[in-house]
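Quick notes on the structure that follows.
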Amino acid sequence: MSSFVVVANRLPVDSVTRPDGSHEWVPSPGGLVTALSPVLKEHEGCWVGWPGTTDDTHPLEPFRTEDVILLHPVSLSATDYEEFYEGFSNATLWPLYHDLIVPPIYERTWWHTYREVNLRFAEHAAKVADHGATVWVQDYQLQLVPGILRQLRPDVKIGFFLHIPFPSADLFRQLPWREEVVRGLLGADVIGFHLPSYANNFLSLARQVSGASGSHTGQPDTLTVHGTARMRERNAIVEAPDGRRVHVAAFPISIDIGSMSQPDAQAVADIRRRLGNPRHLFLGVDRLDYTKGILQRLEAVEQLLESGSLDPAETVLVQIATPSRERIAQYRKERRRVEEAVGRINGRFGQLGHPVVHYVHRTVPKSELSACYAAADVMLVTAFKDGMNLVAKEYAAMHPDGSGALVLSEFAGAAEELPESFLCNPHDLESVKRAIYNAVYTLEHQPEEAQRRMRALHTQVHEHDVQLWARSFLSFLKEPA
Ligand code: ADQ
């Protein structure tokens with residue numbers, strides 16, 4: 001039994017098959033595990049999640065990684081994976097929560113499987129949580145867990161954090177199972193979002209849809225924003241149907257800047273040399289997802305080359321795209337369109353031995369990624385919608401000297417904390433082109449202004465890391481202000 005339990009769709013491990021056919025669990029450290037490790041260790045905490053394999057023939061036993069965190073695997077069948085993960089989570093909720101960039105699919109069988117899998121996660125958490133434990137549930141795949149867990153274990157304290165945007169009430173109301181999802185979330189004591197605007201969307205929805213009402217405390221609705229000085233201070237409480245007071249607040253997530261080592265100058269110079277020492281080195285790093293606006297940034301660069309604003313002989317764009325959710329049709333389509341654009345741009349503007357776009361469709365080791373960040377003159381983050389976007393923060397982290405420039409979508413949550421970037425509207429190609437052009441112009445003709453901007457971005461990220469995010473959430477859960 002643990003006094004601190006994290007519940008997330010994925011356990012922080014991957015199953016790797018050795019050459020002899022046997023398999024082992026290899027840690028896959030992400031920001032979340034780094035942020036939560038100290039708390040997990042201090043409280044002998046555990047993590048409940050899916051290990052990434054389906055249709056396991058033997059029941060999966062709890063195990064520890066080489067670290068000390070105890071992991072409780074939740075099994076999924078191939079059908080669960082298809083209907084709960086690919087279906088309801090990523091073809092219904094993901095597009096709905098990202099403002100319908102593609103149409104969400106509403107499929108009743110997927111919803112039923114989502115409910116069943118959420119029940120399974122909640123039952124696991126209920127089994128391993130000590131009396132009065134703190135349980136922190138993560139993300140859109142598990143929105144029913146707080147409500148189920150509240151019924152199974154009224155003694156535990158429940159926090160929920162959503163890593164993606166929360167849409168406006170008008171969009172969310174499309175969801176045929178909207179009441180159940182809102183009630184599921186209201187099982188928590190604290191519901192956290194990246195931004196006050198997402199929290200506000202949830203608050204107005206909760207009042208419309210689930211019978212939840214505003215606070216009886218007579219306080220005005222205000223929202224608390226933790227961990228950053230750049231967002232307005234506000235505070236909100238909503239009453240759940242069972243009369244409990246649920247706190248709703250914003251906690252902008254960040255990166256583990258301490259674990260990111262600055263690449264040495266040689267590695268950075270090597271990357272630039274391998275790319276032909278271009279005058280302008282642009283970089284994109286994303287999961288290959290239609291929300292990220294990869295195609296639009298390629299088109300913006302193409303048009304700047306076409307108009308002569310950028311010289312193809314002096315320009316290189318490196319686009320690193322991690323394969324993602326490839327069995328979902330919209331993702332396959334997006335990949336095809338991106339790859340067509342890469343081919344077309346290189347066909348039009350590349351020379352033998354000098355393509356303009358270098359495209360990498362795989363996961364890249366963190367050290368190589370850091371060297372790319374450090375080497376790039378201009379980072380392109382052009383998401384149509386993004387809960388936060390850690391890539392923008394990682395880039396700023398790798399430029400402590402004030403070099404480089406960040407082109408950032410207004411529709412990425414990170415834009416609220418990083419206003420010194422070159423902001424753009426990804427729905428307007430002219431705006432993306434202008435931001436790219438301004439970034440290049442400022443770097444070349446107003447270097448002091450470029451440095452001022454990047455130093456401000458670096459300071460913001462340096463002072464607001466993922467540890468601060470986790471501490472803020474957990475201390476608020478312990479003692480809501
Ligand atoms: P994501 O949509 O995955 O996260 P993001 O926040 O940018 O988006 O995080 C991506 C992470 O993957 C970054 O740490 C990046 O370095 C890494 N990455 C991307 N491509 C890679 C590659 N080819 N090789 C190696 N690493 C790569 C969701 C939400 C976001 C929110 C985060 C955290 O969609 O809005 O910021 O969760 O809450």
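The way I read the labels, and the way they are meant: chains A, B, ... in the order of the structure tokens, residue 1 as the first residue of every chain, and ligand 1 as the first ligand shown, with later ones counted on from there.
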
- Could I get the residue neighbourhood of ligand 1 at 9 Å, counting only C-alpha atoms and all ligand atoms, as number ranges by chain? A: 30-32, 139, 161-165, 194, 252-255, 284-289, 291-292, 319-323, 360-366, 368-370, 381, 385-394, 412-414

- Message: Show me, as a ChimeraX atom specification, the residues that have an atom within 9 Å of Ile345 of chain A when counting only C-alpha atoms, minus same-chain residues fewer than 5 positions from it.
- Response: /A:298-299,301-302,340,350,355-357

Saved selection, atoms kept: all heavy atoms, as a PDB file, in the first residue's frame:
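New file selection-v2.pdb:
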ATOM      1  N   LEU A 298       6.160  24.245 -43.270  1.00  0.00           N
ATOM      2  CA  LEU A 298       6.887  23.911 -44.501  1.00  0.00           C
ATOM      3  C   LEU A 298       6.423  24.826 -45.634  1.00  0.00           C
ATOM      4  O   LEU A 298       7.223  25.357 -46.407  1.00  0.00           O
ATOM      5  CB  LEU A 298       6.642  22.444 -44.884  1.00  0.00           C
ATOM      6  CG  LEU A 298       7.326  21.388 -44.008  1.00  0.00           C
ATOM      7  CD1 LEU A 298       6.745  20.003 -44.285  1.00  0.00           C
ATOM      8  CD2 LEU A 298       8.840  21.375 -44.252  1.00  0.00           C
ATOM      9  N   GLU A 299       5.107  25.038 -45.702  1.00  0.00           N
ATOM     10  CA  GLU A 299       4.565  25.892 -46.768  1.00  0.00           C
ATOM     11  C   GLU A 299       5.017  27.339 -46.597  1.00  0.00           C
ATOM     12  O   GLU A 299       5.289  28.036 -47.581  1.00  0.00           O
ATOM     13  CB  GLU A 299       3.034  25.797 -46.790  1.00  0.00           C
ATOM     14  CG  GLU A 299       2.596  24.463 -47.381  1.00  0.00           C
ATOM     15  CD  GLU A 299       1.083  24.231 -47.318  1.00  0.00           C
ATOM     16  OE1 GLU A 299       0.362  25.057 -46.730  1.00  0.00           O
ATOM     17  OE2 GLU A 299       0.647  23.197 -47.858  1.00  0.00           O
ATOM     18  N   VAL A 301       7.843  28.365 -45.252  1.00  0.00           N
ATOM     19  CA  VAL A 301       9.246  28.444 -45.691  1.00  0.00           C
ATOM     20  C   VAL A 301       9.307  28.360 -47.219  1.00  0.00           C
ATOM     21  O   VAL A 301      10.059  29.104 -47.878  1.00  0.00           O
ATOM     22  CB  VAL A 301      10.092  27.331 -45.022  1.00  0.00           C
ATOM     23  CG1 VAL A 301      11.480  27.221 -45.654  1.00  0.00           C
ATOM     24  CG2 VAL A 301      10.216  27.593 -43.529  1.00  0.00           C
ATOM     25  N   GLU A 302       8.492  27.484 -47.801  1.00  0.00           N
ATOM     26  CA  GLU A 302       8.466  27.348 -49.266  1.00  0.00           C
ATOM     27  C   GLU A 302       8.131  28.690 -49.922  1.00  0.00           C
ATOM     28  O   GLU A 302       8.783  29.115 -50.885  1.00  0.00           O
ATOM     29  CB  GLU A 302       7.433  26.286 -49.663  1.00  0.00           C
ATOM     30  CG  GLU A 302       7.379  26.030 -51.165  1.00  0.00           C
ATOM     31  CD  GLU A 302       6.399  24.904 -51.517  1.00  0.00           C
ATOM     32  OE1 GLU A 302       5.472  24.632 -50.725  1.00  0.00           O
ATOM     33  OE2 GLU A 302       6.577  24.297 -52.594  1.00  0.00           O
ATOM     34  N   GLU A 340       5.072  14.739 -48.737  1.00  0.00           N
ATOM     35  CA  GLU A 340       4.919  15.302 -50.094  1.00  0.00           C
ATOM     36  C   GLU A 340       5.531  16.702 -50.149  1.00  0.00           C
ATOM     37  O   GLU A 340       6.246  17.060 -51.085  1.00  0.00           O
ATOM     38  CB  GLU A 340       3.442  15.420 -50.456  1.00  0.00           C
ATOM     39  CG  GLU A 340       2.890  14.194 -51.158  1.00  0.00           C
ATOM     40  CD  GLU A 340       1.363  14.277 -51.270  1.00  0.00           C
ATOM     41  OE1 GLU A 340       0.794  15.398 -51.248  1.00  0.00           O
ATOM     42  OE2 GLU A 340       0.764  13.193 -51.364  1.00  0.00           O
ATOM     43  N   GLY A 350      16.209  22.446 -53.825  1.00  0.00           N
ATOM     44  CA  GLY A 350      17.450  21.798 -53.412  1.00  0.00           C
ATOM     45  C   GLY A 350      18.449  21.716 -54.554  1.00  0.00           C
ATOM     46  O   GLY A 350      18.102  21.876 -55.727  1.00  0.00           O
ATOM     47  N   PRO A 355      20.055  19.478 -49.961  1.00  0.00           N
ATOM     48  CA  PRO A 355      18.601  19.623 -49.832  1.00  0.00           C
ATOM     49  C   PRO A 355      18.302  20.795 -48.894  1.00  0.00           C
ATOM     50  O   PRO A 355      19.096  21.089 -48.000  1.00  0.00           O
ATOM     51  CB  PRO A 355      18.155  18.299 -49.199  1.00  0.00           C
ATOM     52  CG  PRO A 355      19.364  17.765 -48.513  1.00  0.00           C
ATOM     53  CD  PRO A 355      20.569  18.304 -49.236  1.00  0.00           C
ATOM     54  N   VAL A 356      17.181  21.454 -49.124  1.00  0.00           N
ATOM     55  CA  VAL A 356      16.815  22.555 -48.219  1.00  0.00           C
ATOM     56  C   VAL A 356      16.198  21.991 -46.938  1.00  0.00           C
ATOM     57  O   VAL A 356      16.456  22.473 -45.840  1.00  0.00           O
ATOM     58  CB  VAL A 356      15.831  23.520 -48.922  1.00  0.00           C
ATOM     59  CG1 VAL A 356      15.362  24.601 -47.974  1.00  0.00           C
ATOM     60  CG2 VAL A 356      16.494  24.147 -50.136  1.00  0.00           C
ATOM     61  N   VAL A 357      15.371  20.953 -47.084  1.00  0.00           N
ATOM     62  CA  VAL A 357      14.722  20.362 -45.904  1.00  0.00           C
ATOM     63  C   VAL A 357      15.380  19.019 -45.577  1.00  0.00           C
ATOM     64  O   VAL A 357      15.477  18.148 -46.445  1.00  0.00           O
ATOM     65  CB  VAL A 357      13.211  20.123 -46.150  1.00  0.00           C
ATOM     66  CG1 VAL A 357      12.546  19.624 -44.878  1.00  0.00           C
ATOM     67  CG2 VAL A 357      12.537  21.397 -46.652  1.00  0.00           C
TER      68      VAL A 357
END

- List every residue of segment 333-477 of chain A that DSSP, applied to the backbone of this structure, places in alpha helix (DSSP H), and write the result as a VMD selection string. chain A and resid 333 to 349 366 to 375 390 to 397 429 to 445 447 to 463 466 to 477

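Take atom CA of Cys424 of chain A and atom CA of Phe411 of chain A: the distance between them is 8.6 Å.
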
- Query: Taking into account only C-alpha atoms, which residue in the set A:Pro29, A:Pro38, A:Gly184, A:Pro176 is nearest to Leu96 of chain A?
  - Reply: A:Pro176

- Message: When you count only C-alpha atoms, which of these residues is closest to Ile328 of chain A: A:Ser75, A:Ser421, A:Ser472, A:Thr92?
- Response: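 Smallest distance to Ile328 of chain A is found for A:Thr92.
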
- Message: I want to know what sits within 12 Å of Pro104 of chain A, based on only C-alpha atoms, with residues of the same chain fewer than 4 positions away left out; could you give that as a list in words?
- Response: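 Close residues of Pro104 of chain A: Gly87, Phe88, Ser89, Asn90, Ala91, Thr92, Leu93, Trp94, Pro95, Leu96, Tyr97, His98, Asp99, Leu100, Leu171, Phe172, Gln174, Leu175, Pro176, Ile328 and Gln330 of chain A.
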
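Note that atom CA of Arg455 of chain A and atom CA of Leu418 of chain A are 11.0 Å apart.
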
- Can you tell me how far atom CA of Glu449 of chain A sits from atom CA of Ser259 of chain A, in Å to one decimal? 28.8 Å

- Message: Just want the 10 Å neighbourhood of Asp311 of chain A, counted on only C-alpha atoms, with same-chain residues fewer than 6 positions away dropped. Output as an MDAnalysis selection string.
- Response: chainID A and resid 279:280 304:305 349 356

Could you dump the residues just selected with N, CA, C and O atoms as a short mmCIF file (atom, residue, chain, number, x, y, z; two decimals), in the first residue's frame?
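And here's part13.cif as it stands now:
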data_model
loop_
_atom_site.label_atom_id
_atom_site.label_comp_id
_atom_site.auth_asym_id
_atom_site.auth_seq_id
_atom_site.Cartn_x
_atom_site.Cartn_y
_atom_site.Cartn_z
N ARG A 279 23.46 29.85 -43.60
CA ARG A 279 23.31 31.16 -42.93
C ARG A 279 22.08 31.13 -41.99
O ARG A 279 22.13 31.68 -40.90
N HIS A 280 21.01 30.48 -42.46
CA HIS A 280 19.80 30.37 -41.63
C HIS A 280 19.50 28.89 -41.38
O HIS A 280 19.17 28.18 -42.32
N LEU A 304 8.51 31.68 -48.67
CA LEU A 304 9.60 32.65 -48.47
C LEU A 304 10.75 32.38 -49.45
O LEU A 304 11.42 33.31 -49.92
N LEU A 305 10.96 31.11 -49.77
CA LEU A 305 11.99 30.76 -50.76
C LEU A 305 11.55 31.22 -52.14
O LEU A 305 12.33 31.78 -52.93
N PHE A 349 13.81 23.54 -54.75
CA PHE A 349 14.87 24.46 -54.31
C PHE A 349 16.18 23.80 -53.94
O PHE A 349 17.18 24.49 -53.70
N VAL A 356 17.18 21.45 -49.12
CA VAL A 356 16.82 22.56 -48.22
C VAL A 356 16.20 21.99 -46.94
O VAL A 356 16.46 22.47 -45.84
#

- DSSP-assigned strand (DSSP E) members of segment 204-356 of chain A, reported as a PyMOL selection string: chain A and resi 213-214+224-225+236-239+245-250+280-287+315-322

Report as CSV: every residue of segment 96-166 of chain A with an atom at most 9 Å from segment 6-13 of chain A, its closest pair of atoms, and their distance in Å to one decimal, counting only C-alpha atoms, with rows sorted by chain and ascending residue number.
residue,atom,partner,partner_atom,distance
A:Phe121,CA,A:Val7,CA,7.5
A:Ala122,CA,A:Val7,CA,8.4
A:Ala125,CA,A:Val7,CA,7.1
A:Thr134,CA,A:Val6,CA,8.6
A:Val135,CA,A:Val6,CA,5.9
A:Trp136,CA,A:Val6,CA,4.9
A:Val137,CA,A:Val7,CA,4.7
A:Gln138,CA,A:Ala8,CA,5.0
A:Asp139,CA,A:Ala8,CA,7.1
A:Tyr140,CA,A:Asn9,CA,9.0
A:Gln141,CA,A:Asn9,CA,6.4
A:Leu142,CA,A:Asn9,CA,7.1
A:Val145,CA,A:Val7,CA,8.9

- Using only C-alpha atoms, which of A:Tyr331, A:Phe251, A:Trp47, A:Tyr373 sits nearest Asp465 of chain A?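 The shortest atom-to-atom distance to Asp465 of chain A comes from A:Phe251.
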